[in-house]
>>> print(open('query14.pdb').read())   # PDB, C-alpha atoms
ATOM      1  CA  ALA A1272       0.000   0.000   0.000
ATOM      2  CA  ARG A1273       2.844   2.396   0.806
ATOM      3  CA  GLY A1274       4.519   1.855  -2.562
ATOM      4  CA  LEU A1275       1.248   2.419  -4.409
ATOM      5  CA  ARG A1276       0.715   5.653  -2.467
ATOM      6  CA  GLN A1277       4.279   6.778  -3.290
ATOM      7  CA  ALA A1278       3.807   6.027  -7.004
ATOM      8  CA  GLY A1279       0.622   8.108  -6.893
ATOM      9  CA  TRP A1280       2.578  10.997  -5.383
ATOM     10  CA  GLN A1281       5.151  10.751  -8.147
ATOM     11  CA  ALA A1282       2.395  10.635 -10.782
ATOM     12  CA  ALA A1283       0.967  13.878  -9.388
ATOM     13  CA  LEU A1284       4.420  15.498  -9.346
ATOM     14  CA  VAL A1285       5.165  14.692 -13.007
ATOM     15  CA  ALA A1286       1.663  15.207 -14.395
ATOM     16  CA  GLY A1287       1.875  17.605 -17.301
ATOM     17  CA  VAL A1288       5.676  17.353 -17.642
ATOM     18  CA  ALA A1289       6.555  16.817 -21.274
ATOM     19  CA  GLY A1290       9.585  14.677 -21.994
ATOM     20  CA  ARG A1291      10.831  11.180 -22.644
ATOM     21  CA  ARG A1292       9.762   8.560 -20.130
ATOM     22  CA  LEU A1293      12.073   5.653 -19.425
ATOM     23  CA  SER A1294      12.152   2.767 -16.979
ATOM     24  CA  SER A1295      14.328  -0.086 -15.905
ATOM     25  CA  PRO A1296      13.123  -3.288 -17.562
ATOM     26  CA  GLN A1297      12.938  -5.037 -14.189
ATOM     27  CA  GLU A1298       9.375  -5.956 -13.241
ATOM     28  CA  ARG A1299       8.915  -3.814 -10.137
ATOM     29  CA  ALA A1300      10.242  -0.699 -11.864
ATOM     30  CA  ARG A1301       8.032  -1.330 -14.911
ATOM     31  CA  GLN A1302       4.980  -1.673 -12.664
ATOM     32  CA  THR A1303       5.884   1.557 -10.875
ATOM     33  CA  ALA A1304       6.477   3.336 -14.195
ATOM     34  CA  GLY A1305       3.024   2.262 -15.343
ATOM     35  CA  LEU A1306       1.529   3.903 -12.254
ATOM     36  CA  VAL A1307       3.714   7.020 -12.386
ATOM     37  CA  PHE A1308       3.374   7.652 -16.126
ATOM     38  CA  GLY A1309      -0.273   6.583 -16.389
ATOM     39  CA  THR A1310      -1.438   6.705 -19.992
ATOM     40  CA  GLN A1311       1.820   8.265 -21.216
ATOM     41  CA  PRO A1312       3.937   5.718 -23.105
ATOM     42  CA  PHE A1313       7.382   4.807 -21.787
ATOM     43  CA  ARG A1314      10.289   2.685 -22.951
ATOM     44  CA  THR A1315      12.559   0.422 -20.979
ATOM     45  CA  ASP A1316      16.337   0.615 -21.068
ATOM     46  CA  PRO A1317      18.540  -2.146 -19.598
ATOM     47  CA  ARG A1318      21.116   0.466 -18.537
ATOM     48  CA  LEU A1319      18.581   1.564 -15.897
ATOM     49  CA  SER A1320      18.552  -1.869 -14.219
ATOM     50  CA  GLU A1321      19.604  -2.141 -10.591
ATOM     51  CA  ILE A1322      23.250  -2.898  -9.812
ATOM     52  CA  GLY A1323      24.002  -6.593 -10.125
ATOM     53  CA  ILE A1324      24.837  -8.202  -6.787
ATOM     54  CA  GLY A1325      26.029 -11.556  -8.095
ATOM     55  CA  THR A1326      25.587 -14.553  -5.791
ATOM     56  CA  PHE A1327      23.836 -12.325  -3.227
ATOM     57  CA  ALA A1328      20.800 -11.947  -5.508
ATOM     58  CA  GLY A1329      17.610 -13.372  -4.058
ATOM     59  CA  ARG A1330      19.057 -13.669  -0.545
ATOM     60  CA  LEU A1331      17.878 -11.891   2.594
ATOM     61  CA  LEU A1332      20.117  -9.038   3.672
ATOM     62  CA  ALA A1333      19.982 -10.156   7.319
ATOM     63  CA  ASP A1334      21.258 -13.625   6.342
ATOM     64  CA  LEU A1335      24.077 -12.167   4.241
ATOM     65  CA  GLU A1336      25.153  -9.782   7.002
ATOM     66  CA  ARG A1337      25.295 -12.693   9.454
ATOM     67  CA  GLU A1338      27.147 -15.031   7.061
ATOM     68  CA  ARG A1339      29.567 -12.501   5.518
ATOM     69  CA  PRO A1340      30.086  -9.633   8.018
ATOM     70  CA  GLU A1341      33.371  -8.623   6.369
ATOM     71  CA  VAL A1342      31.502  -7.649   3.199
ATOM     72  CA  PHE A1343      29.294  -5.270   5.161
ATOM     73  CA  ALA A1344      32.047  -3.572   7.189
ATOM     74  CA  GLY A1345      32.565   0.107   6.467
ATOM     75  CA  PRO A1346      30.330   2.754   4.900
ATOM     76  CA  PRO A1347      26.652   1.863   4.384
ATOM     77  CA  LEU A1348      26.669   1.249   0.624
ATOM     78  CA  ALA A1349      30.242   0.007   0.171
ATOM     79  CA  TRP A1350      29.097  -3.618   0.230
ATOM     80  CA  TYR A1351      27.667  -3.214  -3.277
ATOM     81  CA  ASP A1352      31.271  -3.122  -4.473
ATOM     82  CA  ARG A1353      32.121  -6.375  -2.658
ATOM     83  CA  CYS A1354      29.380  -8.748  -3.797
ATOM     84  CA  PRO A1355      30.835 -12.045  -5.079
ATOM     85  CA  GLY A1356      30.225 -12.081  -8.818
ATOM     86  CA  GLY A1357      28.563  -8.654  -8.615
ATOM     87  CA  GLU A1358      28.724  -5.794 -11.054
ATOM     88  CA  GLY A1359      30.596  -3.369  -8.799
ATOM     89  CA  LEU A1360      30.395   0.403  -8.569
ATOM     90  CA  ALA A1361      32.924   1.163 -11.318
ATOM     91  CA  ALA A1362      30.976  -0.914 -13.844
ATOM     92  CA  LEU A1363      27.717   0.687 -12.698
ATOM     93  CA  ALA A1364      29.263   4.145 -13.123
ATOM     94  CA  THR A1365      30.327   3.205 -16.651
ATOM     95  CA  ARG A1366      26.850   1.897 -17.481
ATOM     96  CA  CYS A1367      25.197   5.032 -16.101
ATOM     97  CA  GLY A1368      27.647   7.223 -18.009
ATOM     98  CA  ARG A1369      26.763   5.415 -21.234
ATOM     99  CA  PHE A1370      23.100   6.081 -20.542
ATOM    100  CA  LEU A1371      23.583   9.756 -19.661
ATOM    101  CA  GLY A1372      26.191  10.605 -22.309
ATOM    102  CA  PRO A1373      23.741  11.059 -25.192
ATOM    103  CA  LEU A1374      21.483  13.157 -22.931
ATOM    104  CA  ALA A1375      24.200  15.716 -22.138
ATOM    105  CA  GLY A1376      23.405  19.074 -23.631
ATOM    106  CA  THR A1377      19.712  18.368 -24.130
ATOM    107  CA  SER A1378      17.266  20.588 -22.339
ATOM    108  CA  ALA A1379      14.144  18.429 -22.629
ATOM    109  CA  PRO A1380      13.231  16.557 -19.432
ATOM    110  CA  VAL A1381      13.835  12.832 -19.208
ATOM    111  CA  LEU A1382      11.701  11.104 -16.588
ATOM    112  CA  ILE A1383      13.277   7.934 -15.214
ATOM    113  CA  VAL A1384      11.930   5.156 -13.018
ATOM    114  CA  SER A1385      14.724   2.944 -11.749
ATOM    115  CA  HIS A1386      16.165   1.587  -8.500
ATOM    116  CA  GLY A1387      17.850   3.070  -5.439
ATOM    117  CA  ILE A1388      21.516   2.297  -6.120
ATOM    118  CA  THR A1389      21.283   2.915  -9.852
ATOM    119  CA  LEU A1390      19.486   6.212  -9.237
ATOM    120  CA  ARG A1391      22.223   7.258  -6.802
ATOM    121  CA  MET A1392      24.847   6.483  -9.428
ATOM    122  CA  LEU A1393      22.912   8.260 -12.189
ATOM    123  CA  ARG A1394      22.778  11.338  -9.970
ATOM    124  CA  ALA A1395      26.490  11.081  -9.131
ATOM    125  CA  VAL A1396      27.507  10.681 -12.774
ATOM    126  CA  ALA A1397      25.201  13.493 -13.915
ATOM    127  CA  LEU A1398      26.569  15.858 -11.277
ATOM    128  CA  ASP A1399      30.152  14.889 -12.131
ATOM    129  CA  MET A1400      29.976  15.344 -15.881
ATOM    130  CA  GLY A1401      31.424  18.844 -15.569
ATOM    131  CA  PRO A1402      35.139  19.529 -16.182
ATOM    132  CA  GLY A1403      37.630  18.732 -13.448
ATOM    133  CA  ARG A1404      35.354  16.479 -11.414
ATOM    134  CA  CYS A1405      36.395  13.018 -10.301
ATOM    135  CA  PRO A1406      34.524   9.946 -11.570
ATOM    136  CA  PRO A1407      31.851   8.800  -9.099
ATOM    137  CA  ALA A1408      33.361   5.310  -8.917
ATOM    138  CA  ARG A1409      36.406   6.919  -7.275
ATOM    139  CA  TRP A1410      34.392   8.708  -4.639
ATOM    140  CA  PRO A1411      34.829   7.290  -1.171
ATOM    141  CA  PRO A1412      31.760   5.106  -0.545
ATOM    142  CA  ASP A1413      30.783   7.177   2.486
ATOM    143  CA  LYS A1414      30.500  10.265   0.237
ATOM    144  CA  TRP A1415      28.830   8.385  -2.600
ATOM    145  CA  ALA A1416      26.011   7.371  -0.250
ATOM    146  CA  GLU A1417      25.300  10.974   0.783
ATOM    147  CA  GLY A1418      22.306  12.901  -0.446
ATOM    148  CA  GLU A1419      18.635  12.225  -0.230
ATOM    149  CA  MET A1420      17.241   9.385  -2.302
ATOM    150  CA  ARG A1421      13.612   9.239  -1.266
ATOM    151  CA  GLN A1422      10.974   6.838  -2.539
ATOM    152  CA  GLY A1423       7.826   8.608  -3.653
ATOM    153  CA  ALA A1424       9.713  11.804  -4.473
ATOM    154  CA  VAL A1425      10.988  13.183  -7.756
ATOM    155  CA  HIS A1426      14.703  13.938  -7.860
ATOM    156  CA  VAL A1427      15.471  16.670 -10.367
ATOM    157  CA  VAL A1428      19.064  16.808 -11.608
ATOM    158  CA  SER A1429      19.733  19.938 -13.618
ATOM    159  CA  ASP A1430      22.471  22.537 -14.045
ATOM    160  CA  GLY A1431      24.923  20.734 -11.755
ATOM    161  CA  ALA A1432      22.522  20.424  -8.821
ATOM    162  CA  CYS A1433      19.925  18.011  -7.499
ATOM    163  CA  ARG A1434      16.713  18.967  -5.768
ATOM    164  CA  THR A1435      13.961  16.804  -4.370
ATOM    165  CA  LEU A1436      10.280  17.408  -5.078
ATOM    166  CA  ARG A1437       7.915  15.911  -2.527
ATOM    167  CA  HIS A1438       4.162  15.596  -2.645
ATOM    168  CA  PRO A1439       2.389  17.645   0.062
ATOM    169  CA  ARG A1440       1.100  14.415   1.637
ATOM    170  CA  ASP A1441       4.614  12.936   1.849
ATOM    171  CA  CYS A1442       5.343  13.551   5.511
ATOM    172  CA  ASP A1443       6.877  10.295   6.747
TER     173      ASP A1443
END
>>> encode(input="query14.pdb", output="structure tokens")
Amino acid sequence: ARGLRQAGWQAALVAGVAGRRLSSPQERARQTAGLVFGTQPFRTDPRLSEIGIGTFAGRLLADLERERPEVFAGPPLAWYDRCPGGEGLAALATRCGRFLGPLAGTSAPVLIVSHGITLRMLRAVALDMGPGRCPPARWPPDKWAEGEMRQGAVHVVSDGACRTLRHPRDCD
């Protein structure tokens, strides 16, 4: 029920916004995109898929933390770079850069429904595309995890900054 409410908030926030609509091809993101975009058509793009976590996929986080505590030591999101057989943050940064590259210099909005870690990386890459900035994959993981990434909100990345739009009923 909470996720449906959050998708409704996002739908209200983007209603009337003209632009391309894209989603991860993964089922949950596609379902959310259908709710957020309503009757507006959208396309899927595999580059918007969530970071691959290798042999950890399909496992409960609590079980993994108990079985492999060394993987989870350190900053909160650093473990995504230590998943056995996983994609890793550098590869995710490359994938996100390949997605964003053709969008650089365009002024038309692109509305994206994706996943938490991929959205964080998209934001990091988009904010770092300016000259003299370090690649996000080289950021210390404790810095990479900073910044709000809120479900049910719309995160607007534009002109080297990110701002979060929240529905008036979003108070939790």
>>> resolve_selection(input="query14.pdb", expression="the PyMOL selection byres ((chain A and resi 1391-1395) around 8)", output="MDAnalysis selection string")
chainID A and resid 1363:1364 1367:1368 1371 1387:1390 1396:1399 1407 1415:1416 1420 1428 1433
>>> closest_residue(input="query14.pdb", among="A:Pro1439, A:Gly1423, A:Pro1340, A:Gly1357", to="A:Gln1277", atoms="all atoms listed in the file")
A:Gly1423
>>> residues_around(input="query14.pdb", residues="A:Leu1436", least_positions_apart="2", cutoff="9 Å", atoms="only C-alpha atoms", output="JSON list (two decimals) with C-alpha atoms, in the coordinates of the input")
[["chain", "number", "residue", "atom", "x", "y", "z"],
["A", 1281, "GLN", "CA", 5.15, 10.75, -8.15],
["A", 1284, "LEU", "CA", 4.42, 15.50, -9.35],
["A", 1424, "ALA", "CA", 9.71, 11.80, -4.47],
["A", 1425, "VAL", "CA", 10.99, 13.18, -7.76],
["A", 1426, "HIS", "CA", 14.70, 13.94, -7.86],
["A", 1427, "VAL", "CA", 15.47, 16.67, -10.37],
["A", 1434, "ARG", "CA", 16.71, 18.97, -5.77],
["A", 1438, "HIS", "CA", 4.16, 15.60, -2.64]]
>>> closest_residue(input="query14.pdb", among="A:Asp1334, A:Asp1352, A:Glu1419, A:Asp1316", to="A:Arg1369", atoms="all atoms listed in the file")
A:Asp1316
>>> resolve_selection(input="query14.pdb", expression="the PyMOL selection byres ((chain A and resi 1313) around 8)", output="ChimeraX atom specification")
/A:1291-1294,1304,1308,1311-1312,1314-1315
>>> residues_around(input="query14.pdb", residues="A:Leu1306", least_positions_apart="4", cutoff="10 Å", atoms="all atoms listed in the file", output="list of chain:residue names")
A:Leu1275, A:Arg1276, A:Gln1277, A:Ala1278, A:Gly1279, A:Trp1280, A:Gln1281, A:Ala1282, A:Ala1300, A:Arg1301, A:Gln1302, A:Thr1310, A:Gln1311
>>> resolve_selection(input="query14.pdb", expression="the PyMOL selection byres ((chain A and resi 1318) around 7)", output="ChimeraX atom specification")
/A:1316-1317,1319-1320,1366-1367,1370
